[in-house]
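Chemist: Input structure: work_11.cif, which contains mmCIF, C-alpha atoms.
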```
data_run
loop_
_atom_site.label_atom_id
_atom_site.label_comp_id
_atom_site.auth_asym_id
_atom_site.auth_seq_id
_atom_site.Cartn_x
_atom_site.Cartn_y
_atom_site.Cartn_z
CA MET A 1 -19.67 -5.43 0.29
CA ILE A 2 -18.64 -7.74 3.13
CA ARG A 3 -16.08 -10.48 2.49
CA HIS A 4 -15.17 -12.36 5.66
CA VAL A 5 -11.43 -13.00 5.80
CA LEU A 6 -9.26 -14.35 8.61
CA PRO A 7 -5.86 -12.98 9.67
CA PRO A 8 -2.87 -14.65 7.98
CA THR A 9 -1.69 -17.88 9.55
CA ASN A 10 1.93 -18.65 10.36
CA GLU A 11 1.96 -20.99 7.37
CA GLN A 12 0.77 -18.20 5.04
CA ILE A 13 3.38 -15.84 6.43
CA GLU A 14 6.17 -18.38 5.87
CA HIS A 15 4.97 -19.09 2.32
CA ALA A 16 4.91 -15.35 1.64
CA ARG A 17 8.46 -14.94 2.93
CA GLU A 18 9.65 -17.81 0.75
CA ILE A 19 8.07 -16.61 -2.49
CA VAL A 20 9.08 -12.98 -1.94
CA ALA A 21 12.67 -14.02 -1.19
CA GLN A 22 12.68 -16.21 -4.30
CA TYR A 23 11.58 -13.51 -6.74
CA LEU A 24 12.29 -10.10 -5.17
CA LYS A 25 15.48 -8.49 -3.92
CA PRO A 26 15.17 -6.55 -0.65
CA THR A 27 14.60 -2.85 -1.11
CA PRO A 28 16.99 -0.61 0.87
CA THR A 29 16.29 1.31 4.04
CA VAL A 30 18.23 4.57 3.86
CA THR A 31 18.68 7.52 6.21
CA ILE A 32 17.34 10.85 5.01
CA TYR A 33 16.98 14.11 6.92
CA ILE A 34 13.80 16.02 7.67
CA ASP A 35 14.63 19.46 9.04
CA GLY A 36 17.91 18.04 10.33
CA ARG A 37 16.33 14.98 11.94
CA PRO A 38 17.63 11.60 10.72
CA VAL A 39 14.76 9.43 9.51
CA PHE A 40 14.79 5.88 8.11
CA ALA A 41 13.08 5.56 4.71
CA LYS A 42 12.16 2.09 3.45
CA LEU A 43 12.28 2.54 -0.31
CA GLU A 44 9.49 0.36 -1.64
CA SER A 45 9.47 2.96 -4.41
CA LEU A 46 12.36 0.94 -5.86
CA GLN A 47 10.31 -2.22 -6.41
CA VAL A 48 10.31 -3.33 -10.05
CA THR A 49 6.62 -2.35 -10.36
CA GLY A 50 7.21 0.86 -8.41
CA SER A 51 5.28 -0.17 -5.29
CA PHE A 52 5.21 -2.47 -2.25
CA LYS A 53 1.99 -3.97 -3.63
CA LEU A 54 4.03 -6.51 -5.58
CA ARG A 55 4.78 -8.36 -2.33
CA GLY A 56 1.17 -9.10 -1.45
CA ALA A 57 0.23 -9.79 -5.03
CA LEU A 58 3.05 -12.31 -5.43
CA ALA A 59 2.09 -14.09 -2.20
CA ALA A 60 -1.58 -14.27 -3.19
CA VAL A 61 -1.03 -15.39 -6.80
CA ASP A 62 1.40 -18.05 -5.56
CA ALA A 63 -1.08 -19.25 -2.93
CA GLY A 64 -3.77 -19.58 -5.57
CA GLN A 65 -1.46 -21.47 -7.91
CA ARG A 66 -0.59 -23.94 -5.17
CA VAL A 67 -4.29 -24.74 -4.82
CA ASP A 68 -5.06 -24.70 -8.55
CA PRO A 69 -2.01 -24.72 -10.87
CA ASP A 70 -4.17 -23.77 -13.87
CA GLY A 71 -6.32 -21.21 -12.08
CA ALA A 72 -6.69 -17.61 -13.23
CA VAL A 73 -7.00 -14.56 -10.98
CA ILE A 74 -8.87 -11.28 -11.14
CA THR A 75 -8.39 -8.12 -9.13
CA ALA A 76 -9.50 -4.53 -8.79
CA SER A 77 -7.02 -1.76 -8.20
CA ALA A 78 -6.36 1.95 -8.21
CA GLY A 79 -3.20 0.96 -10.10
CA ASN A 80 -0.32 -0.28 -7.92
CA HIS A 81 -1.95 -3.53 -6.77
CA GLY A 82 -2.97 -4.22 -10.35
CA LEU A 83 0.63 -3.79 -11.44
CA GLY A 84 1.68 -6.17 -8.68
CA VAL A 85 -0.81 -8.82 -9.76
CA ALA A 86 0.14 -8.38 -13.42
CA HIS A 87 3.84 -8.80 -12.65
CA ALA A 88 3.28 -11.72 -10.28
CA ALA A 89 1.09 -13.44 -12.86
CA GLN A 90 3.82 -12.97 -15.46
CA LEU A 91 6.47 -14.43 -13.13
CA LEU A 92 4.33 -17.44 -12.20
CA GLY A 93 2.64 -18.05 -15.56
CA VAL A 94 -0.90 -17.29 -14.40
CA LYS A 95 -3.69 -15.65 -16.42
CA ALA A 96 -4.82 -12.39 -14.84
CA THR A 97 -7.54 -9.79 -15.24
CA VAL A 98 -7.13 -6.32 -13.72
CA VAL A 99 -10.05 -3.93 -13.33
CA VAL A 100 -9.27 -0.26 -12.69
CA PRO A 101 -11.61 2.75 -12.52
CA GLN A 102 -11.91 5.05 -15.51
CA ASN A 103 -10.12 7.79 -13.57
CA ALA A 104 -7.16 5.66 -12.51
CA SER A 105 -3.70 7.24 -12.68
CA ALA A 106 -2.64 7.54 -16.31
CA ALA A 107 0.90 6.56 -15.35
CA LYS A 108 -0.32 3.33 -13.77
CA VAL A 109 -2.72 2.46 -16.61
CA LYS A 110 0.09 3.00 -19.12
CA LYS A 111 2.30 0.56 -17.22
CA LEU A 112 -0.52 -1.98 -16.88
CA ALA A 113 -0.99 -1.93 -20.63
CA THR A 114 2.55 -3.29 -21.10
CA TYR A 115 1.59 -6.60 -19.45
CA ASN A 116 -0.07 -9.57 -21.14
CA ILE A 117 -3.24 -9.31 -19.06
CA GLU A 118 -6.88 -8.54 -19.58
CA LEU A 119 -7.13 -4.86 -18.58
CA ILE A 120 -10.60 -3.44 -17.96
CA GLN A 121 -11.41 0.16 -17.06
CA PHE A 122 -14.78 0.36 -15.33
CA GLY A 123 -16.65 2.88 -13.18
CA ASP A 124 -15.82 6.19 -11.59
CA SER A 125 -14.19 4.89 -8.40
CA TYR A 126 -12.25 2.00 -6.91
CA ASP A 127 -15.50 0.74 -5.35
CA ASP A 128 -17.11 0.55 -8.81
CA ALA A 129 -14.11 -1.31 -10.19
CA GLN A 130 -14.07 -3.75 -7.28
CA ALA A 131 -17.79 -4.53 -7.56
CA HIS A 132 -17.31 -5.30 -11.26
CA ALA A 133 -14.23 -7.44 -10.60
CA VAL A 134 -16.01 -9.46 -7.91
CA GLU A 135 -18.95 -10.01 -10.26
CA LEU A 136 -16.63 -11.20 -13.03
CA ALA A 137 -14.80 -13.51 -10.60
CA GLU A 138 -18.08 -15.13 -9.62
CA GLN A 139 -19.18 -15.49 -13.24
CA ARG A 140 -15.86 -17.05 -14.27
CA SER A 141 -15.29 -19.05 -11.07
CA VAL A 142 -11.81 -17.60 -10.56
CA ARG A 143 -10.09 -16.19 -7.49
CA PHE A 144 -10.60 -12.53 -6.68
CA ILE A 145 -7.54 -10.97 -5.01
CA SER A 146 -8.39 -7.93 -2.91
CA PRO A 147 -5.66 -5.29 -2.57
CA PHE A 148 -6.02 -5.50 1.22
CA ASN A 149 -8.85 -7.75 2.44
CA ASP A 150 -6.95 -10.97 1.75
CA SER A 151 -4.85 -12.90 4.24
CA ASP A 152 -2.21 -13.90 1.67
CA VAL A 153 -1.88 -10.28 0.56
CA ILE A 154 -1.38 -9.14 4.16
CA ALA A 155 1.20 -11.91 4.66
CA GLY A 156 3.07 -10.66 1.60
CA GLN A 157 3.00 -7.06 2.77
CA SER A 158 4.46 -8.12 6.13
CA THR A 159 7.76 -8.89 4.38
CA ALA A 160 8.42 -5.15 3.86
CA PHE A 161 8.71 -4.55 7.58
CA ASP A 162 10.60 -7.83 8.03
CA GLU A 163 13.28 -6.32 5.81
CA MET A 164 13.13 -2.92 7.48
CA LEU A 165 13.67 -4.50 10.89
CA ALA A 166 16.69 -6.39 9.60
CA GLN A 167 18.11 -3.24 7.99
CA ALA A 168 17.35 -0.83 10.85
CA PRO A 169 16.83 -2.87 14.03
CA GLU A 170 17.21 0.25 16.16
CA ILE A 171 13.96 1.74 14.83
CA GLU A 172 11.50 2.80 17.53
CA HIS A 173 8.60 4.23 15.55
CA VAL A 174 7.42 3.43 12.01
CA VAL A 175 5.00 5.61 10.07
CA VAL A 176 2.95 3.79 7.43
CA PRO A 177 0.61 5.04 4.69
CA VAL A 178 -2.90 3.60 4.97
CA GLY A 179 -5.56 3.14 2.32
CA GLY A 180 -7.44 -0.13 2.71
CA GLY A 181 -4.95 -1.12 5.40
CA GLY A 182 -3.00 -3.98 3.82
CA LEU A 183 0.46 -2.49 4.40
CA VAL A 184 -0.18 -1.32 7.95
CA SER A 185 -1.77 -4.69 8.80
CA GLY A 186 1.25 -6.47 7.36
CA THR A 187 3.53 -4.15 9.35
CA LEU A 188 1.68 -5.03 12.56
CA VAL A 189 1.82 -8.75 11.73
CA SER A 190 5.58 -8.48 11.15
CA ARG A 191 6.22 -6.35 14.24
CA ASP A 192 4.31 -8.70 16.52
CA GLY A 193 5.63 -11.86 14.87
CA ASN A 194 9.20 -10.64 15.29
CA GLY A 195 8.60 -9.93 18.97
CA ARG A 196 9.05 -6.17 18.54
CA THR A 197 5.85 -4.88 20.11
CA ASP A 198 7.99 -2.11 21.61
CA ILE A 199 7.99 -0.41 18.20
CA ARG A 200 5.29 2.22 17.82
CA VAL A 201 3.27 2.16 14.59
CA THR A 202 1.36 5.18 13.29
CA GLY A 203 -0.92 5.01 10.26
CA ILE A 204 -1.22 7.95 7.87
CA GLN A 205 -4.25 8.73 5.72
CA ALA A 206 -4.93 11.52 3.23
CA GLU A 207 -7.32 13.99 4.83
CA GLU A 208 -9.36 14.19 1.64
CA SER A 209 -10.07 10.46 1.51
CA ALA A 210 -9.75 8.63 4.82
CA ALA A 211 -12.27 5.82 5.00
CA LEU A 212 -10.63 3.71 7.69
CA TYR A 213 -10.06 6.71 9.98
CA HIS A 214 -13.78 7.52 9.96
CA VAL A 215 -14.99 3.92 10.04
CA LEU A 216 -13.02 3.27 13.22
CA ARG A 217 -14.85 6.24 14.70
CA GLY A 218 -18.27 4.78 13.94
CA ALA A 219 -18.97 5.87 10.36
CA HIS A 220 -20.30 3.47 7.75
CA MET A 221 -17.88 2.86 4.88
CA ASN A 222 -20.35 3.99 2.21
CA ALA A 223 -21.10 7.22 4.12
CA VAL A 224 -17.51 8.50 4.06
CA VAL A 225 -17.04 11.47 1.73
CA HIS A 226 -14.07 11.23 -0.62
CA ARG A 227 -12.49 14.23 -2.33
CA PRO A 228 -9.68 14.26 -4.92
CA THR A 229 -6.15 13.64 -3.65
CA ILE A 230 -2.80 13.08 -5.32
CA ALA A 231 -2.39 10.17 -2.88
CA ASP A 232 -4.55 8.06 -5.18
CA GLY A 233 -3.22 4.82 -3.70
CA LEU A 234 -4.78 5.80 -0.36
CA ALA A 235 -8.05 7.08 -1.82
CA GLY A 236 -11.50 5.54 -1.88
CA GLY A 237 -13.38 3.25 0.44
CA GLY A 238 -12.22 0.02 1.98
CA ASP A 239 -14.44 -2.98 2.63
CA GLU A 240 -17.07 -3.00 5.34
CA GLY A 241 -15.95 -5.68 7.79
CA ALA A 242 -12.51 -6.14 6.20
CA ILE A 243 -9.93 -8.05 8.24
CA THR A 244 -7.61 -5.02 7.94
CA ASN A 245 -10.18 -2.92 9.82
CA GLU A 246 -10.16 -5.51 12.59
CA ILE A 247 -6.35 -5.78 12.77
CA VAL A 248 -5.91 -2.02 12.95
CA GLU A 249 -8.69 -1.56 15.50
CA LYS A 250 -7.38 -4.31 17.79
CA SER A 251 -3.84 -2.91 17.61
CA GLY A 252 -4.95 0.44 19.03
CA ILE A 253 -2.53 2.35 16.80
CA GLU A 254 -3.18 5.99 15.97
CA LEU A 255 -4.35 7.03 12.51
CA VAL A 256 -3.33 10.56 11.51
CA LEU A 257 -4.81 12.68 8.71
CA VAL A 258 -2.50 14.72 6.47
CA PRO A 259 -3.72 17.82 4.57
CA GLU A 260 -3.51 17.67 0.78
CA ILE A 261 -1.23 20.69 0.52
CA GLU A 262 1.36 19.00 2.76
CA ILE A 263 1.31 15.79 0.70
CA ARG A 264 1.93 17.85 -2.42
CA ARG A 265 4.83 19.66 -0.72
CA ALA A 266 6.26 16.35 0.50
CA VAL A 267 6.54 14.91 -3.02
CA ARG A 268 8.63 17.94 -4.01
CA LEU A 269 10.75 17.98 -0.85
CA LEU A 270 11.60 14.29 -1.15
CA THR A 271 13.02 15.00 -4.59
CA GLU A 272 14.74 18.28 -3.75
CA ASN A 273 16.20 17.26 -0.39
CA SER A 274 16.77 13.52 -0.80
CA GLY A 275 16.81 12.83 -4.55
CA LEU A 276 13.84 10.47 -4.31
CA VAL A 277 10.85 10.10 -6.61
CA VAL A 278 7.89 9.14 -4.42
CA GLU A 279 4.21 9.31 -5.32
CA GLY A 280 1.68 11.05 -3.11
CA SER A 281 0.74 7.94 -1.14
CA GLY A 282 4.34 7.24 -0.21
CA ALA A 283 5.05 10.89 0.56
CA ALA A 284 2.15 11.21 3.03
CA PRO A 285 4.18 9.73 5.96
CA TYR A 286 7.03 12.13 5.20
CA ALA A 287 4.53 14.99 5.33
CA ALA A 288 3.23 13.79 8.69
CA ILE A 289 6.72 13.64 10.17
CA ALA A 290 7.80 16.98 8.67
CA ASN A 291 4.72 18.75 10.06
CA GLY A 292 4.93 17.27 13.54
CA LEU A 293 1.68 15.33 13.18
CA ILE A 294 2.94 12.06 14.66
CA GLY A 295 3.45 13.42 18.17
CA ASP A 296 7.05 12.24 18.38
CA ASP A 297 10.11 14.47 18.22
CA THR A 298 12.66 12.17 19.84
CA SER A 299 12.29 8.52 18.74
CA ARG A 300 14.33 6.89 16.02
CA VAL A 301 11.57 7.12 13.47
CA GLY A 302 11.17 5.69 10.00
CA PHE A 303 8.56 5.47 7.28
CA ILE A 304 7.67 3.30 4.32
CA ALA A 305 7.94 5.16 1.01
CA SER A 306 5.35 2.92 -0.56
CA GLY A 307 5.66 3.75 -4.27
CA ARG A 308 6.90 5.97 -7.08
CA ASN A 309 4.16 5.70 -9.73
CA ILE A 310 3.20 9.32 -10.26
CA ALA A 311 2.08 10.80 -13.59
CA HIS A 312 4.90 12.80 -15.18
CA GLU A 313 2.70 15.86 -15.73
CA LEU A 314 1.67 15.91 -12.07
CA PHE A 315 5.25 15.41 -10.92
CA VAL A 316 6.44 18.35 -13.01
CA GLU A 317 3.57 20.47 -11.68
CA LEU A 318 4.52 19.68 -8.09
CA LEU A 319 8.20 20.43 -8.68
CA GLN A 320 7.33 23.80 -10.16
CA ALA A 321 4.72 24.81 -7.58
CA PRO A 322 5.74 27.35 -4.91
CA LEU A 323 6.51 25.78 -1.54
CA ALA A 324 4.80 28.50 0.48
#
```
Let me see the file written as structure tokens.

Modeler:
Amino acid sequence: MIRHVLPPTNEQIEHAREIVAQYLKPTPTVTIYIDGRPVFAKLESLQVTGSFKLRGALAAVDAGQRVDPDGAVITASAGNHGLGVAHAAQLLGVKATVVVPQNASAAKVKKLATYNIELIQFGDSYDDAQAHAVELAEQRSVRFISPFNDSDVIAGQSTAFDEMLAQAPEIEHVVVPVGGGGLVSGTLVSRDGNGRTDIRVTGIQAEESAALYHVLRGAHMNAVVHRPTIADGLAGGGDEGAITNEIVEKSGIELVLVPEIEIRRAVRLLTENSGLVVEGSGAAPYAAIANGLIGDDTSRVGFIASGRNIAHELFVELLQAPLA
């Protein structure tokens, strides 16, 4: 599925900043310690929906409403983006449909069910859910909001690093979880727009499901093999020809793969060592730093803890599992 999207314009970025500032309070950037090393953690896990995805969703729903005040929206999601769209639609009084795969996180589906939206579970993967959502959007003539391949969404995600820069201007290296690439693209947009190209950006993907990593090395999106991972927000394919692919490729940043066992350990260590509840996707950057995978032992490094929406049963399992 190829949807041609352009990078966000300055106007879109400014609109995103305005709407995010109007409805969302900044999340904190705190200092935690990884094996004695101070590390900045941007706690997007404290967003009201439990994820950074609310930023991009709010920017995109607002942009659509400015074009068509009575227009509805539809999206596909592994969970967190759907929660963002549902909450943004509630704030702005917009009708929304969210399509998630049948195997979506139970914790996220449970939260989605609390919103006054049309919730549809379809297919065995995010790709199945997205294909169905796009088909419905065409049938109903409503806007489809991609979790990543959307310029307004990327503009919204850029506000997370805007805040991090303001809170920790001394940062030299930021480590960002990557699924479809919306957050890392927004981080790059923010870094460059703020004139801070001196800051190194490293993207982190789950080794078991790393579409963008393989696509940027010549693989076709539909040929990438995906295996189960607790980092469900990073799992599944992206879009062939997505603008996020282009932004990441042009930036030349490194993408690093993190083994599943280290992501599972990171969720537990974040709770035990720092008192934080972070889902697998948000813990993946911590795992990369803790295991020396980012190739940087000296810079003032930070990461974006992207969300907290982890099923209670899985969380308990990870807390009880042996660390060795």

Chemist: In Å, how far is it from atom CA of A:Ala72 to atom CA of A:Ser151?

Modeler: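 Those two atoms sit 18.2 Å apart.
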
Chemist: I'd like the contact shell of A:Leu276 - 10 Å cut-off, all atoms listed in the file, skipping same-chain residues fewer than 6 positions apart - returned as a CSV table (one decimal) with C-alpha atoms, keeping the file's coordinate frame.

Modeler:
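Dumped to result33.csv:
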```csv
chain,number,residue,atom,x,y,z
A,32,ILE,CA,17.3,10.8,5.0
A,43,LEU,CA,12.3,2.5,-0.3
A,45,SER,CA,9.5,3.0,-4.4
A,46,LEU,CA,12.4,0.9,-5.9
A,267,VAL,CA,6.5,14.9,-3.0
A,268,ARG,CA,8.6,17.9,-4.0
A,269,LEU,CA,10.8,18.0,-0.8
A,270,LEU,CA,11.6,14.3,-1.2
A,305,ALA,CA,7.9,5.2,1.0
A,308,ARG,CA,6.9,6.0,-7.1
```

Chemist: Could you list, as JSON, numbers by chain, every residue within 12 Å of A:Gly93, counting only C-alpha atoms and ignoring same-chain residues fewer than 2 positions away?

Modeler: {"A": [58, 61, 62, 64, 65, 69, 70, 71, 72, 73, 85, 86, 87, 88, 89, 90, 91, 95, 96, 116, 117]}

Chemist: Just C-alpha atoms for this one: save the residues we selected as a short mmCIF file (atom, residue, chain, number, x, y, z; two decimals), in the frame of the given file.

Modeler:
```
data_model
loop_
_atom_site.label_atom_id
_atom_site.label_comp_id
_atom_site.auth_asym_id
_atom_site.auth_seq_id
_atom_site.Cartn_x
_atom_site.Cartn_y
_atom_site.Cartn_z
CA LEU A 58 3.05 -12.31 -5.43
CA VAL A 61 -1.03 -15.39 -6.80
CA ASP A 62 1.40 -18.05 -5.56
CA GLY A 64 -3.77 -19.58 -5.57
CA GLN A 65 -1.46 -21.47 -7.91
CA PRO A 69 -2.01 -24.72 -10.87
CA ASP A 70 -4.17 -23.77 -13.87
CA GLY A 71 -6.32 -21.21 -12.08
CA ALA A 72 -6.69 -17.61 -13.23
CA VAL A 73 -7.00 -14.56 -10.98
CA VAL A 85 -0.81 -8.82 -9.76
CA ALA A 86 0.14 -8.38 -13.42
CA HIS A 87 3.84 -8.80 -12.65
CA ALA A 88 3.28 -11.72 -10.28
CA ALA A 89 1.09 -13.44 -12.86
CA GLN A 90 3.82 -12.97 -15.46
CA LEU A 91 6.47 -14.43 -13.13
CA LYS A 95 -3.69 -15.65 -16.42
CA ALA A 96 -4.82 -12.39 -14.84
CA ASN A 116 -0.07 -9.57 -21.14
CA ILE A 117 -3.24 -9.31 -19.06
#
```

Chemist: In Å, how far is it from atom CA of A:Gly56 to atom CA of A:Val278?

Modeler: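 Computing it gives 19.7 Å between the two atoms.
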
Chemist: Just how far from atom CA of A:Gly307 is atom CA of A:Gln22, in Å to one decimal?

Modeler: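 Distance between the two atoms: 21.2 Å.
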
Chemist: Written as a short mmCIF file (atom, residue, chain, number, x, y, z; two decimals) with C-alpha atoms, in the frame of the given file, what is the full residue list that the PyMOL selection byres ((chain A and resi 83) around 10) yields on the file shown?

Modeler:
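Once written, selection_6.cif looks like this:
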```
data_model
loop_
_atom_site.label_atom_id
_atom_site.label_comp_id
_atom_site.auth_asym_id
_atom_site.auth_seq_id
_atom_site.Cartn_x
_atom_site.Cartn_y
_atom_site.Cartn_z
CA VAL A 48 10.31 -3.33 -10.05
CA THR A 49 6.62 -2.35 -10.36
CA GLY A 50 7.21 0.86 -8.41
CA SER A 51 5.28 -0.17 -5.29
CA LYS A 53 1.99 -3.97 -3.63
CA LEU A 54 4.03 -6.51 -5.58
CA ALA A 57 0.23 -9.79 -5.03
CA SER A 77 -7.02 -1.76 -8.20
CA ALA A 78 -6.36 1.95 -8.21
CA GLY A 79 -3.20 0.96 -10.10
CA ASN A 80 -0.32 -0.28 -7.92
CA HIS A 81 -1.95 -3.53 -6.77
CA GLY A 82 -2.97 -4.22 -10.35
CA GLY A 84 1.68 -6.17 -8.68
CA VAL A 85 -0.81 -8.82 -9.76
CA ALA A 86 0.14 -8.38 -13.42
CA HIS A 87 3.84 -8.80 -12.65
CA ALA A 88 3.28 -11.72 -10.28
CA ALA A 89 1.09 -13.44 -12.86
CA VAL A 98 -7.13 -6.32 -13.72
CA LYS A 108 -0.32 3.33 -13.77
CA VAL A 109 -2.72 2.46 -16.61
CA LYS A 111 2.30 0.56 -17.22
CA LEU A 112 -0.52 -1.98 -16.88
CA ALA A 113 -0.99 -1.93 -20.63
CA THR A 114 2.55 -3.29 -21.10
CA TYR A 115 1.59 -6.60 -19.45
#
```

Chemist: List the residues sitting within 12 Å of (0.0, -18.0, 11.5) in the file's frame, using only C-alpha atoms, as a PDB file with C-alpha atoms, in the coordinates of the input.

Modeler:
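Written output follows (selection10.pdb):
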```
ATOM      1  CA  LEU A   6      -9.260 -14.350   8.610  1.00  0.00           C
ATOM      2  CA  PRO A   7      -5.860 -12.980   9.670  1.00  0.00           C
ATOM      3  CA  PRO A   8      -2.870 -14.650   7.980  1.00  0.00           C
ATOM      4  CA  THR A   9      -1.690 -17.880   9.550  1.00  0.00           C
ATOM      5  CA  ASN A  10       1.930 -18.650  10.360  1.00  0.00           C
ATOM      6  CA  GLU A  11       1.960 -20.990   7.370  1.00  0.00           C
ATOM      7  CA  GLN A  12       0.770 -18.200   5.040  1.00  0.00           C
ATOM      8  CA  ILE A  13       3.380 -15.840   6.430  1.00  0.00           C
ATOM      9  CA  GLU A  14       6.170 -18.380   5.870  1.00  0.00           C
ATOM     10  CA  HIS A  15       4.970 -19.090   2.320  1.00  0.00           C
ATOM     11  CA  ALA A  16       4.910 -15.350   1.640  1.00  0.00           C
ATOM     12  CA  SER A 151      -4.850 -12.900   4.240  1.00  0.00           C
ATOM     13  CA  ASP A 152      -2.210 -13.900   1.670  1.00  0.00           C
ATOM     14  CA  ILE A 154      -1.380  -9.140   4.160  1.00  0.00           C
ATOM     15  CA  ALA A 155       1.200 -11.910   4.660  1.00  0.00           C
ATOM     16  CA  VAL A 189       1.820  -8.750  11.730  1.00  0.00           C
ATOM     17  CA  SER A 190       5.580  -8.480  11.150  1.00  0.00           C
ATOM     18  CA  ASP A 192       4.310  -8.700  16.520  1.00  0.00           C
ATOM     19  CA  GLY A 193       5.630 -11.860  14.870  1.00  0.00           C
TER      20      GLY A 193
END
```
